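> Next up, structure09.cif (mmCIF, C-alpha atoms).
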data_target
loop_
_atom_site.group_PDB
_atom_site.id
_atom_site.type_symbol
_atom_site.label_atom_id
_atom_site.label_comp_id
_atom_site.auth_asym_id
_atom_site.auth_seq_id
_atom_site.Cartn_x
_atom_site.Cartn_y
_atom_site.Cartn_z
ATOM 1 C CA MET A 1448 108.824 -34.846 25.576
ATOM 2 C CA THR A 1449 110.925 -32.819 23.167
ATOM 3 C CA ASN A 1450 107.940 -32.443 20.837
ATOM 4 C CA LEU A 1451 105.971 -30.354 23.332
ATOM 5 C CA PRO A 1452 105.412 -26.675 22.478
ATOM 6 C CA LYS A 1453 107.516 -24.036 24.214
ATOM 7 C CA SER A 1454 104.537 -21.822 24.961
ATOM 8 C CA VAL A 1455 100.750 -22.048 25.133
ATOM 9 C CA ARG A 1456 98.026 -19.452 24.733
ATOM 10 C CA ILE A 1457 95.152 -19.571 27.233
ATOM 11 C CA VAL A 1458 91.703 -18.171 26.479
ATOM 12 C CA GLU A 1459 89.923 -17.579 29.782
ATOM 13 C CA VAL A 1460 86.176 -18.212 29.529
ATOM 14 C CA GLY A 1461 85.213 -18.081 33.207
ATOM 15 C CA PRO A 1462 83.346 -14.751 33.224
ATOM 16 C CA ARG A 1463 81.064 -15.909 30.387
ATOM 17 C CA ASP A 1464 81.007 -19.669 29.890
ATOM 18 C CA GLY A 1465 81.825 -20.207 33.549
ATOM 19 C CA LEU A 1466 79.177 -17.994 35.107
ATOM 20 C CA GLN A 1467 76.336 -18.549 32.641
ATOM 21 C CA ASN A 1468 75.038 -21.665 34.396
ATOM 22 C CA GLU A 1469 75.278 -20.324 37.959
ATOM 23 C CA ALA A 1470 71.958 -19.897 39.767
ATOM 24 C CA LYS A 1471 73.222 -17.108 42.029
ATOM 25 C CA THR A 1472 73.356 -13.795 40.188
ATOM 26 C CA VAL A 1473 76.730 -12.093 40.478
ATOM 27 C CA PRO A 1474 76.524 -8.263 40.663
ATOM 28 C CA THR A 1475 78.103 -6.429 37.747
ATOM 29 C CA GLU A 1476 80.748 -4.766 39.906
ATOM 30 C CA LYS A 1477 81.801 -8.156 41.297
ATOM 31 C CA LYS A 1478 82.162 -9.535 37.776
ATOM 32 C CA ALA A 1479 84.296 -6.519 36.882
ATOM 33 C CA GLU A 1480 86.495 -7.131 39.929
ATOM 34 C CA PHE A 1481 86.819 -10.809 38.994
ATOM 35 C CA ILE A 1482 87.927 -9.870 35.480
ATOM 36 C CA LYS A 1483 90.372 -7.309 36.882
ATOM 37 C CA MET A 1484 91.962 -10.098 38.937
ATOM 38 C CA LEU A 1485 92.157 -12.344 35.873
ATOM 39 C CA VAL A 1486 93.963 -9.588 33.970
ATOM 40 C CA ALA A 1487 96.356 -9.134 36.900
ATOM 41 C CA SER A 1488 97.259 -12.832 36.653
ATOM 42 C CA GLY A 1489 98.692 -12.270 33.195
ATOM 43 C CA LEU A 1490 95.811 -13.536 31.062
ATOM 44 C CA LYS A 1491 95.635 -11.742 27.721
ATOM 45 C CA GLU A 1492 92.389 -13.129 26.291
ATOM 46 C CA ILE A 1493 89.219 -13.155 28.368
ATOM 47 C CA GLU A 1494 85.677 -13.887 27.255
ATOM 48 C CA VAL A 1495 83.688 -11.544 29.440
ATOM 49 C CA ALA A 1496 80.050 -11.532 28.365
ATOM 50 C CA SER A 1497 77.270 -12.725 26.080
ATOM 51 C CA PHE A 1498 74.701 -10.807 24.081
ATOM 52 C CA VAL A 1499 72.225 -13.673 24.047
ATOM 53 C CA HIS A 1500 68.714 -12.523 24.994
ATOM 54 C CA PRO A 1501 68.567 -11.977 28.793
ATOM 55 C CA LYS A 1502 65.581 -14.314 29.219
ATOM 56 C CA TRP A 1503 67.736 -17.251 28.106
ATOM 57 C CA ILE A 1504 70.756 -16.459 30.283
ATOM 58 C CA PRO A 1505 69.767 -13.942 32.983
ATOM 59 C CA GLN A 1506 73.218 -14.132 34.587
ATOM 60 C CA LEU A 1507 74.710 -12.364 31.562
ATOM 61 C CA ALA A 1508 71.986 -9.757 31.059
ATOM 62 C CA ASP A 1509 74.357 -6.997 32.180
ATOM 63 C CA ALA A 1510 76.809 -7.432 29.283
ATOM 64 C CA ALA A 1511 76.790 -3.802 28.154
ATOM 65 C CA GLN A 1512 77.111 -2.424 31.698
ATOM 66 C CA LEU A 1513 79.913 -4.851 32.509
ATOM 67 C CA ILE A 1514 81.956 -4.058 29.411
ATOM 68 C CA GLY A 1515 81.552 -0.370 30.229
ATOM 69 C CA GLN A 1516 83.219 -0.977 33.606
ATOM 70 C CA LEU A 1517 86.236 -2.867 32.283
ATOM 71 C CA GLU A 1518 89.622 -1.197 32.183
ATOM 72 C CA SER A 1519 91.669 -1.252 28.983
ATOM 73 C CA HIS A 1520 95.096 -2.883 29.203
ATOM 74 C CA ALA A 1521 97.761 -3.061 26.536
ATOM 75 C CA GLY A 1522 97.833 -6.533 25.015
ATOM 76 C CA VAL A 1523 94.610 -7.671 26.714
ATOM 77 C CA ARG A 1524 91.688 -8.614 24.481
ATOM 78 C CA TYR A 1525 88.130 -8.954 25.785
ATOM 79 C CA SER A 1526 85.526 -10.866 23.792
ATOM 80 C CA ALA A 1527 81.794 -11.566 23.932
ATOM 81 C CA LEU A 1528 79.448 -14.200 22.540
ATOM 82 C CA VAL A 1529 76.795 -13.087 20.042
ATOM 83 C CA PRO A 1530 73.880 -15.202 18.707
ATOM 84 C CA ASN A 1531 72.609 -13.039 15.852
ATOM 85 C CA MET A 1532 72.694 -9.615 14.200
ATOM 86 C CA LYS A 1533 70.838 -7.917 17.035
ATOM 87 C CA GLY A 1534 73.360 -9.290 19.503
ATOM 88 C CA LEU A 1535 76.204 -8.073 17.296
ATOM 89 C CA GLU A 1536 74.752 -4.580 17.130
ATOM 90 C CA ARG A 1537 74.510 -4.469 20.914
ATOM 91 C CA ALA A 1538 78.106 -5.689 21.153
ATOM 92 C CA ILE A 1539 79.395 -3.095 18.684
ATOM 93 C CA GLU A 1540 77.765 -0.331 20.733
ATOM 94 C CA THR A 1541 79.946 -1.288 23.710
ATOM 95 C CA GLY A 1542 83.145 -0.899 21.682
ATOM 96 C CA ILE A 1543 84.239 -4.509 22.146
ATOM 97 C CA ARG A 1544 86.662 -5.595 19.417
ATOM 98 C CA ARG A 1545 86.222 -9.375 19.364
ATOM 99 C CA ILE A 1546 83.112 -11.540 19.259
ATOM 100 C CA ALA A 1547 82.385 -15.257 19.081
ATOM 101 C CA VAL A 1548 79.667 -17.163 17.241
ATOM 102 C CA PHE A 1549 78.635 -20.692 18.125
ATOM 103 C CA THR A 1550 77.189 -23.813 16.591
ATOM 104 C CA ALA A 1551 77.574 -27.574 17.090
ATOM 105 C CA ALA A 1552 78.694 -30.716 15.286
ATOM 106 C CA SER A 1553 75.506 -32.490 16.421
ATOM 107 C CA GLU A 1554 72.170 -31.566 14.873
ATOM 108 C CA SER A 1555 70.184 -32.596 17.967
ATOM 109 C CA PHE A 1556 72.332 -30.585 20.352
ATOM 110 C CA ASN A 1557 72.225 -27.506 18.139
ATOM 111 C CA LYS A 1558 68.433 -27.604 18.068
ATOM 112 C CA LYS A 1559 68.302 -27.920 21.868
ATOM 113 C CA ASN A 1560 70.936 -25.226 22.375
ATOM 114 C CA ILE A 1561 69.976 -22.535 19.853
ATOM 115 C CA ASN A 1562 66.722 -23.854 18.390
ATOM 116 C CA MET A 1563 68.041 -24.315 14.852
ATOM 117 C CA GLY A 1564 69.890 -26.844 12.743
ATOM 118 C CA ILE A 1565 73.589 -26.615 11.929
ATOM 119 C CA ASP A 1566 73.150 -25.359 8.354
ATOM 120 C CA GLU A 1567 70.571 -22.821 9.490
ATOM 121 C CA SER A 1568 72.929 -21.513 12.188
ATOM 122 C CA ILE A 1569 75.717 -21.049 9.645
ATOM 123 C CA GLU A 1570 73.366 -18.990 7.461
ATOM 124 C CA VAL A 1571 72.321 -16.872 10.450
ATOM 125 C CA PHE A 1572 75.975 -16.181 11.244
ATOM 126 C CA ARG A 1573 76.976 -15.363 7.662
ATOM 127 C CA PRO A 1574 75.817 -11.707 7.724
ATOM 128 C CA VAL A 1575 76.841 -11.394 11.392
ATOM 129 C CA VAL A 1576 80.459 -12.307 10.678
ATOM 130 C CA ALA A 1577 80.516 -10.160 7.539
ATOM 131 C CA ARG A 1578 79.228 -7.127 9.446
ATOM 132 C CA ALA A 1579 81.652 -7.695 12.323
ATOM 133 C CA LEU A 1580 84.631 -7.858 9.981
ATOM 134 C CA GLN A 1581 83.399 -4.757 8.176
ATOM 135 C CA GLU A 1582 83.382 -2.973 11.549
ATOM 136 C CA GLY A 1583 86.923 -4.140 12.305
ATOM 137 C CA VAL A 1584 85.741 -6.648 14.928
ATOM 138 C CA SER A 1585 87.499 -10.022 14.824
ATOM 139 C CA VAL A 1586 85.471 -13.219 15.108
ATOM 140 C CA ARG A 1587 86.047 -16.546 16.817
ATOM 141 C CA GLY A 1588 83.920 -19.645 16.244
ATOM 142 C CA TYR A 1589 82.832 -22.305 18.731
ATOM 143 C CA VAL A 1590 81.789 -25.823 17.780
ATOM 144 C CA SER A 1591 80.083 -27.787 20.563
ATOM 145 C CA THR A 1592 79.802 -31.582 20.871
ATOM 146 C CA CYS A 1593 82.864 -32.320 18.741
ATOM 147 C CA PHE A 1594 83.426 -35.729 20.338
ATOM 148 C CA VAL A 1595 80.234 -36.953 22.022
ATOM 149 C CA CYS A 1596 76.664 -35.618 21.952
ATOM 150 C CA PRO A 1597 74.330 -36.179 24.935
ATOM 151 C CA TYR A 1598 71.516 -37.012 22.482
ATOM 152 C CA GLU A 1599 73.257 -38.744 19.549
ATOM 153 C CA GLY A 1600 76.321 -40.350 21.123
ATOM 154 C CA ALA A 1601 79.695 -40.402 19.344
ATOM 155 C CA VAL A 1602 80.134 -37.642 16.755
ATOM 156 C CA ALA A 1603 81.950 -38.486 13.518
ATOM 157 C CA LYS A 1604 85.158 -36.563 12.897
ATOM 158 C CA GLU A 1605 83.964 -35.773 9.363
ATOM 159 C CA LYS A 1606 80.943 -33.912 10.739
ATOM 160 C CA VAL A 1607 83.231 -31.855 12.950
ATOM 161 C CA GLY A 1608 85.470 -31.080 10.000
ATOM 162 C CA ASP A 1609 82.523 -29.943 7.880
ATOM 163 C CA VAL A 1610 81.316 -27.495 10.527
ATOM 164 C CA VAL A 1611 84.811 -26.149 11.179
ATOM 165 C CA ARG A 1612 85.258 -25.614 7.429
ATOM 166 C CA ALA A 1613 81.929 -23.770 7.234
ATOM 167 C CA LEU A 1614 82.966 -21.407 10.027
ATOM 168 C CA PHE A 1615 86.328 -20.645 8.443
ATOM 169 C CA ASP A 1616 84.548 -20.001 5.150
ATOM 170 C CA LEU A 1617 82.472 -17.356 6.940
ATOM 171 C CA GLY A 1618 85.661 -15.518 7.914
ATOM 172 C CA VAL A 1619 86.311 -16.467 11.539
ATOM 173 C CA ASP A 1620 90.020 -16.484 12.426
ATOM 174 C CA GLU A 1621 89.897 -19.287 15.004
ATOM 175 C CA VAL A 1622 87.642 -22.226 15.853
ATOM 176 C CA SER A 1623 87.374 -23.705 19.339
ATOM 177 C CA ILE A 1624 86.777 -27.464 19.367
ATOM 178 C CA GLY A 1625 84.443 -28.284 22.246
ATOM 179 C CA ASP A 1626 84.097 -31.435 24.339
ATOM 180 C CA THR A 1627 80.795 -30.123 25.677
ATOM 181 C CA ILE A 1628 79.876 -32.995 28.001
ATOM 182 C CA GLY A 1629 83.449 -33.857 28.972
ATOM 183 C CA ALA A 1630 83.181 -37.412 27.629
ATOM 184 C CA ALA A 1631 86.200 -37.417 25.306
ATOM 185 C CA THR A 1632 89.337 -39.445 26.019
ATOM 186 C CA PRO A 1633 92.858 -38.937 24.623
ATOM 187 C CA LYS A 1634 92.037 -41.506 21.920
ATOM 188 C CA ASP A 1635 89.087 -39.382 20.776
ATOM 189 C CA VAL A 1636 91.329 -36.320 20.735
ATOM 190 C CA GLU A 1637 93.893 -38.220 18.688
ATOM 191 C CA VAL A 1638 91.291 -39.286 16.115
ATOM 192 C CA THR A 1639 89.259 -36.088 15.730
ATOM 193 C CA GLY A 1640 92.142 -33.719 16.450
ATOM 194 C CA GLY A 1641 94.349 -35.546 13.962
ATOM 195 C CA TYR A 1642 91.646 -35.330 11.313
ATOM 196 C CA LEU A 1643 91.344 -31.569 11.839
ATOM 197 C CA LEU A 1644 95.104 -31.015 11.760
ATOM 198 C CA GLU A 1645 95.236 -32.612 8.317
ATOM 199 C CA ARG A 1646 92.822 -29.949 7.073
ATOM 200 C CA PHE A 1647 93.394 -26.753 9.049
ATOM 201 C CA PRO A 1648 96.409 -24.858 10.441
ATOM 202 C CA VAL A 1649 96.956 -25.649 14.106
ATOM 203 C CA LYS A 1650 97.382 -21.938 14.860
ATOM 204 C CA ASN A 1651 93.709 -21.432 13.961
ATOM 205 C CA LEU A 1652 92.377 -24.182 16.243
ATOM 206 C CA ALA A 1653 91.754 -24.161 19.989
ATOM 207 C CA MET A 1654 90.752 -27.013 22.292
ATOM 208 C CA HIS A 1655 87.925 -26.602 24.793
ATOM 209 C CA PHE A 1656 87.585 -29.430 27.315
ATOM 210 C CA HIS A 1657 85.127 -30.086 30.129
ATOM 211 C CA ASP A 1658 86.064 -32.276 33.078
ATOM 212 C CA THR A 1659 82.933 -34.384 33.661
ATOM 213 C CA TYR A 1660 84.886 -37.668 33.644
ATOM 214 C CA GLY A 1661 88.160 -36.187 34.907
ATOM 215 C CA MET A 1662 89.712 -36.400 31.449
ATOM 216 C CA ALA A 1663 90.334 -32.700 30.721
ATOM 217 C CA VAL A 1664 94.015 -32.563 31.726
ATOM 218 C CA ALA A 1665 94.725 -35.901 30.025
ATOM 219 C CA ASN A 1666 93.118 -34.541 26.865
ATOM 220 C CA VAL A 1667 95.247 -31.404 27.070
ATOM 221 C CA TYR A 1668 98.369 -33.546 27.369
ATOM 222 C CA GLN A 1669 97.351 -35.508 24.271
ATOM 223 C CA SER A 1670 96.644 -32.258 22.439
ATOM 224 C CA LEU A 1671 100.031 -30.805 23.359
ATOM 225 C CA HIS A 1672 101.795 -33.809 21.847
ATOM 226 C CA MET A 1673 99.805 -33.273 18.664
ATOM 227 C CA GLY A 1674 100.911 -29.653 18.417
ATOM 228 C CA PHE A 1675 97.882 -27.753 19.729
ATOM 229 C CA THR A 1676 98.914 -24.563 21.521
ATOM 230 C CA THR A 1677 95.629 -22.775 22.337
ATOM 231 C CA PHE A 1678 93.344 -23.946 25.136
ATOM 232 C CA ASP A 1679 90.149 -22.548 26.631
ATOM 233 C CA SER A 1680 89.801 -22.811 30.394
ATOM 234 C CA SER A 1681 87.752 -21.379 33.225
ATOM 235 C CA ALA A 1682 89.032 -20.069 36.541
ATOM 236 C CA GLY A 1683 88.151 -22.470 39.339
ATOM 237 C CA GLY A 1684 86.560 -24.893 36.860
ATOM 238 C CA LEU A 1685 83.402 -22.810 36.642
ATOM 239 C CA GLY A 1686 80.957 -23.854 33.990
ATOM 240 C CA GLY A 1687 78.565 -26.404 32.642
ATOM 241 C CA CYS A 1688 75.932 -26.275 29.956
ATOM 242 C CA PRO A 1689 72.173 -26.033 30.562
ATOM 243 C CA TYR A 1690 71.535 -28.007 27.354
ATOM 244 C CA ALA A 1691 74.028 -30.789 28.067
ATOM 245 C CA PRO A 1692 72.689 -33.021 30.874
ATOM 246 C CA GLY A 1693 75.443 -34.157 33.214
ATOM 247 C CA ALA A 1694 78.076 -31.750 31.907
ATOM 248 C CA SER A 1695 80.260 -30.427 34.700
ATOM 249 C CA GLY A 1696 82.575 -27.467 34.685
ATOM 250 C CA ASN A 1697 85.138 -26.440 32.159
ATOM 251 C CA LEU A 1698 88.775 -27.401 32.443
ATOM 252 C CA ALA A 1699 89.982 -25.325 35.405
ATOM 253 C CA THR A 1700 92.574 -22.700 34.541
ATOM 254 C CA GLU A 1701 94.491 -23.695 37.689
ATOM 255 C CA ASP A 1702 94.641 -27.343 36.673
ATOM 256 C CA LEU A 1703 95.749 -26.411 33.162
ATOM 257 C CA LEU A 1704 98.443 -24.097 34.536
ATOM 258 C CA TYR A 1705 99.708 -26.696 36.980
ATOM 259 C CA LEU A 1706 100.257 -29.120 34.100
ATOM 260 C CA LEU A 1707 101.873 -26.537 31.838
ATOM 261 C CA ASP A 1708 104.098 -25.157 34.602
ATOM 262 C CA ARG A 1709 105.306 -28.648 35.507
ATOM 263 C CA LEU A 1710 106.045 -29.357 31.854
ATOM 264 C CA GLY A 1711 108.060 -26.156 31.563
ATOM 265 C CA ILE A 1712 105.662 -24.650 29.011
ATOM 266 C CA GLU A 1713 105.393 -20.860 29.125
ATOM 267 C CA THR A 1714 102.012 -19.150 29.497
ATOM 268 C CA GLY A 1715 102.761 -15.767 31.040
ATOM 269 C CA VAL A 1716 100.058 -16.470 33.628
ATOM 270 C CA SER A 1717 100.523 -16.682 37.391
ATOM 271 C CA LEU A 1718 98.953 -19.751 38.984
ATOM 272 C CA LYS A 1719 98.973 -18.003 42.356
ATOM 273 C CA LEU A 1720 97.004 -15.025 41.027
ATOM 274 C CA ILE A 1721 94.530 -17.232 39.174
ATOM 275 C CA ARG A 1722 93.829 -19.019 42.453
ATOM 276 C CA ARG A 1723 93.226 -15.624 44.046
ATOM 277 C CA ALA A 1724 90.670 -14.709 41.364
ATOM 278 C CA SER A 1725 88.948 -18.091 41.677
ATOM 279 C CA ARG A 1726 88.670 -17.820 45.449
ATOM 280 C CA PHE A 1727 87.144 -14.373 45.026
ATOM 281 C CA ILE A 1728 84.409 -15.585 42.683
ATOM 282 C CA GLY A 1729 83.911 -18.779 44.712
ATOM 283 C CA LEU A 1730 83.158 -16.681 47.799
ATOM 284 C CA GLU A 1731 80.745 -14.564 45.784
ATOM 285 C CA LEU A 1732 78.937 -17.710 44.603
ATOM 286 C CA ALA A 1733 79.074 -19.157 48.117
ATOM 287 C CA ARG A 1734 80.295 -22.528 46.940
ATOM 288 C CA GLU A 1735 83.463 -24.560 46.519
ATOM 289 C CA LEU A 1736 84.749 -24.585 42.980
ATOM 290 C CA PRO A 1737 85.775 -27.903 41.386
ATOM 291 C CA SER A 1738 89.385 -27.110 40.437
ATOM 292 C CA ARG A 1739 91.591 -29.814 41.939
ATOM 293 C CA VAL A 1740 94.512 -27.431 42.361
ATOM 294 C CA LEU A 1741 92.267 -24.892 44.081
ATOM 295 C CA GLN A 1742 90.966 -27.522 46.501
ATOM 296 C CA THR A 1743 94.435 -28.938 47.188
ATOM 297 C CA THR A 1744 95.815 -25.484 48.056
ATOM 298 C CA ALA A 1745 92.743 -24.275 49.936
ATOM 299 C CA GLY A 1746 94.703 -23.301 53.044
ATOM 300 C CA GLU A 1747 97.401 -21.309 51.276
ATOM 301 C CA GLN A 1748 97.487 -17.526 51.146
ATOM 302 C CA THR A 1749 97.215 -15.962 47.685
ATOM 303 C CA THR A 1750 97.192 -12.283 48.530
#
Could you render the structure as structure tokens?

Amino acid sequence: MTNLPKSVRIVEVGPRDGLQNEAKTVPTEKKAEFIKMLVASGLKEIEVASFVHPKWIPQLADAAQLIGQLESHAGVRYSALVPNMKGLERAIETGIRRIAVFTAASESFNKKNINMGIDESIEVFRPVVARALQEGVSVRGYVSTCFVCPYEGAVAKEKVGDVVRALFDLGVDEVSIGDTIGAATPKDVEVTGGYLLERFPVKNLAMHFHDTYGMAVANVYQSLHMGFTTFDSSAGGLGGCPYAPGASGNLATEDLLYLLDRLGIETGVSLKLIRRASRFIGLELARELPSRVLQTTAGEQTT
């Protein structure tokens, strides 16, 4: 295992991608407390909100109020999802310094998710990214359904590469490669990930796995051996996608950390304190979260 990286960067998406599909509305002050706990664990990059229209994702309608309640910490970067220019303008007003734009590698999924085709979404984001960069706001890109689409089946690696290229051409500094319905296996990661690594610097790519078939950690392990060092995850395994039938939660931050800790890979994040944050939000949602590590250590004290 000498080819494994010495350190890994974790992008925590629980407060946004994790909570967006929850039926129970979490009060703004509870979200702020959750994020405060995530920061205390050592996480440096946290996606906290979305500026999508509130009627589409009511859970995240309080984006501006939430960002206003967050404390600044040296070395900690908060980000928010934006769908269009209006969303960007709302984000800029809050003072947030990083945004994310999102599209898909599957035409059918993109139309279900954001009501437009892939090429159309790229054109919508072109002025958004340009304006963000002009304002000194950095931009991340998300590509959904990079391995399997719930409507079209297997997604060709070339299609993924084309969309990733289009996002980089817009000016984003990083693209997150999403296994939206959690159907990918390590072989899929090897094929599509390998194709992308031949075309883009690994430092500009992140992997975003869901755990529908229990493959998320296995896919991380495959990715590590290929040289990937940035992974998205969600505290407690919160998540799911309203436009991806059958998709379960994101890769749990606890499960990712357990693997990385056991492999001796540095993250700067405390597994104990992540479990504390996950238990906090799990109590607020009044349900058990799917993280295997969280369930296995349910009786242990984390305070």
> Have a look at CA of Ala1538 (chain A) and CA of Val1622 (chain A) and let me know their distance in Å, one decimal.
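Result for CA of Ala1538 (chain A) versus CA of Val1622 (chain A): 19.8 Å, one decimal.
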> Mind telling me what the PyMOL selection byres ((chain A and resi 1670-1679) around 9) catches here, as a PyMOL selection string?
chain A and resi 1448+1450-1452+1454-1460+1623+1633+1636-1637+1640-1641+1644+1649-1656+1665-1669+1680-1681+1697-1698+1700+1703
> If we count all atoms listed in the file, what is near region 1543-1548 of chain A at a cut-off of 7 Å, once residues fewer than 2 positions away on the same chain are taken out, given as a ChimeraX atom specification?
/A:1525-1530,1538-1539,1541,1584-1589
> Between CA of Gly1684 (chain A) and CA of Ile1504 (chain A), measure the distance and give it in Å to one decimal.
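Value for the CA of Gly1684 (chain A)-CA of Ile1504 (chain A) distance: 19.1 Å.
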> Kindly compute an axis-aligned box around the listed atoms of region 1573-1589 of chain A, allowing 5 Å on each side, and express its centre and edge lengths in Å to one decimal as AutoDock Vina command-line options.

--center_x 81.7 --center_y -12.6 --center_z 13.1 --size_x 21.7 --size_y 29.3 --size_z 21.2
> Separation of CA of Val1590 (chain A) and CA of Phe1549 (chain A), in Å?
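Going from CA of Val1590 (chain A) over to CA of Phe1549 (chain A) covers 6.0 Å.
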> Please enumerate the residues selected by the PyMOL selection byres ((chain A and resi 1627) around 9) when evaluated against the supplied file, formatted as a ChimeraX atom specification.
/A:1591-1597,1625-1626,1628-1630,1655-1657,1687-1688,1691,1694,1697
> Kindly indicate which residue among A:Val1638, A:Leu1535, A:Ala1613, A:Lys1453 lies nearest to Glu1713 (chain A), using only C-alpha atoms for the distances.
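Between A:Val1638, A:Leu1535, A:Ala1613, A:Lys1453, the residue approaching Glu1713 (chain A) most closely is A:Lys1453.
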> Any idea what's packed within 10 Å of Glu1747 (chain A), counting all atoms listed in the file, ignoring anything in its chain fewer than 3 positions away? Could you give it as JSON, numbers by chain?
{"A": [1719, 1722, 1741, 1743, 1744, 1750]}
> Skip Thr1475 (chain A) itself and residues of its chain fewer than 5 positions away, then list as an MDAnalysis selection string all residues within 10 Å of it, counting only C-alpha atoms.
chainID A and resid 1480:1481 1506:1510 1512:1514 1516
> Check which residues satisfy the PyMOL selection byres ((chain A and resi 1472) around 10) in the file shown, then give them as a list in words.
Leu1466, Gln1467, Asn1468, Glu1469, Ala1470, Lys1471, Val1473, Pro1474, Thr1475, Pro1505, Gln1506, Leu1507, Glu1731 and Leu1732 of chain A
> Taking only C-alpha atoms into account, name the residue in A:Gly1683, A:Leu1730, A:Lys1558, A:Gly1696 that is nearest to Gln1742 (chain A).
A:Gly1683
> Need the shell around Pro1574 (chain A): protein/DNA/RNA residues with any atom at most 8 Å away, counting all atoms listed in the file. Skip same-chain ones fewer than 4 positions apart. Format as a ChimeraX atom specification?
/A:1532,1570,1578
> Selection from above, C-alpha atoms, as a PDB file, keeping the file's coordinate frame, can you write it?

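Output below, filename out_25.pdb:
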ATOM      1  CA  MET A1532      72.694  -9.615  14.200  1.00  0.00           C
ATOM      2  CA  GLU A1570      73.366 -18.990   7.461  1.00  0.00           C
ATOM      3  CA  ARG A1578      79.228  -7.127   9.446  1.00  0.00           C
TER       4      ARG A1578
END
> Save region 1509-1562 of chain A to disk from that block, C-alpha atoms included, as an mmCIF file, in the first residue's frame.

data_model
loop_
_atom_site.group_PDB
_atom_site.id
_atom_site.type_symbol
_atom_site.label_atom_id
_atom_site.label_comp_id
_atom_site.auth_asym_id
_atom_site.auth_seq_id
_atom_site.Cartn_x
_atom_site.Cartn_y
_atom_site.Cartn_z
ATOM 1 C CA ASP A 1509 -32.811 30.059 5.203
ATOM 2 C CA ALA A 1510 -29.436 30.201 3.421
ATOM 3 C CA ALA A 1511 -28.822 33.915 3.956
ATOM 4 C CA GLN A 1512 -29.866 33.827 7.625
ATOM 5 C CA LEU A 1513 -27.743 30.749 8.272
ATOM 6 C CA ILE A 1514 -24.601 32.165 6.685
ATOM 7 C CA GLY A 1515 -25.110 35.310 8.756
ATOM 8 C CA GLN A 1516 -24.955 33.199 11.929
ATOM 9 C CA LEU A 1517 -21.759 31.334 11.070
ATOM 10 C CA GLU A 1518 -18.534 32.193 12.835
ATOM 11 C CA SER A 1519 -15.389 32.874 10.815
ATOM 12 C CA HIS A 1520 -12.418 30.605 11.506
ATOM 13 C CA ALA A 1521 -8.926 30.854 10.096
ATOM 14 C CA GLY A 1522 -8.430 28.228 7.408
ATOM 15 C CA VAL A 1523 -12.115 27.244 7.267
ATOM 16 C CA ARG A 1524 -13.953 27.792 3.990
ATOM 17 C CA TYR A 1525 -17.748 27.745 3.730
ATOM 18 C CA SER A 1526 -19.438 27.259 0.365
ATOM 19 C CA ALA A 1527 -22.948 27.339 -1.087
ATOM 20 C CA LEU A 1528 -24.677 25.927 -4.151
ATOM 21 C CA VAL A 1529 -26.061 28.384 -6.713
ATOM 22 C CA PRO A 1530 -28.308 27.541 -9.712
ATOM 23 C CA ASN A 1531 -28.230 30.798 -11.668
ATOM 24 C CA MET A 1532 -27.324 34.492 -11.623
ATOM 25 C CA LYS A 1533 -30.066 35.398 -9.169
ATOM 26 C CA GLY A 1534 -28.803 32.741 -6.784
ATOM 27 C CA LEU A 1535 -25.260 34.058 -7.170
ATOM 28 C CA GLU A 1536 -26.350 37.595 -6.371
ATOM 29 C CA ARG A 1537 -28.069 36.383 -3.214
ATOM 30 C CA ALA A 1538 -24.929 34.447 -2.280
ATOM 31 C CA ILE A 1539 -22.637 37.431 -2.853
ATOM 32 C CA GLU A 1540 -24.807 39.543 -0.545
ATOM 33 C CA THR A 1541 -24.039 37.152 2.323
ATOM 34 C CA GLY A 1542 -20.282 37.578 1.869
ATOM 35 C CA ILE A 1543 -19.645 33.901 1.150
ATOM 36 C CA ARG A 1544 -16.395 33.396 -0.768
ATOM 37 C CA ARG A 1545 -16.966 30.066 -2.520
ATOM 38 C CA ILE A 1546 -19.883 28.775 -4.568
ATOM 39 C CA ALA A 1547 -20.665 25.606 -6.498
ATOM 40 C CA VAL A 1548 -22.520 25.093 -9.769
ATOM 41 C CA PHE A 1549 -23.994 21.776 -10.830
ATOM 42 C CA THR A 1550 -24.866 19.786 -13.906
ATOM 43 C CA ALA A 1551 -24.900 16.105 -14.901
ATOM 44 C CA ALA A 1552 -23.315 13.665 -17.333
ATOM 45 C CA SER A 1553 -26.776 12.298 -18.200
ATOM 46 C CA GLU A 1554 -29.172 14.382 -20.272
ATOM 47 C CA SER A 1555 -32.272 12.741 -18.766
ATOM 48 C CA PHE A 1556 -31.150 13.270 -15.187
ATOM 49 C CA ASN A 1557 -30.215 16.890 -15.824
ATOM 50 C CA LYS A 1558 -33.666 17.607 -17.227
ATOM 51 C CA LYS A 1559 -35.312 15.979 -14.194
ATOM 52 C CA ASN A 1560 -32.965 17.705 -11.752
ATOM 53 C CA ILE A 1561 -32.707 21.259 -13.104
ATOM 54 C CA ASN A 1562 -35.175 21.255 -15.999
#
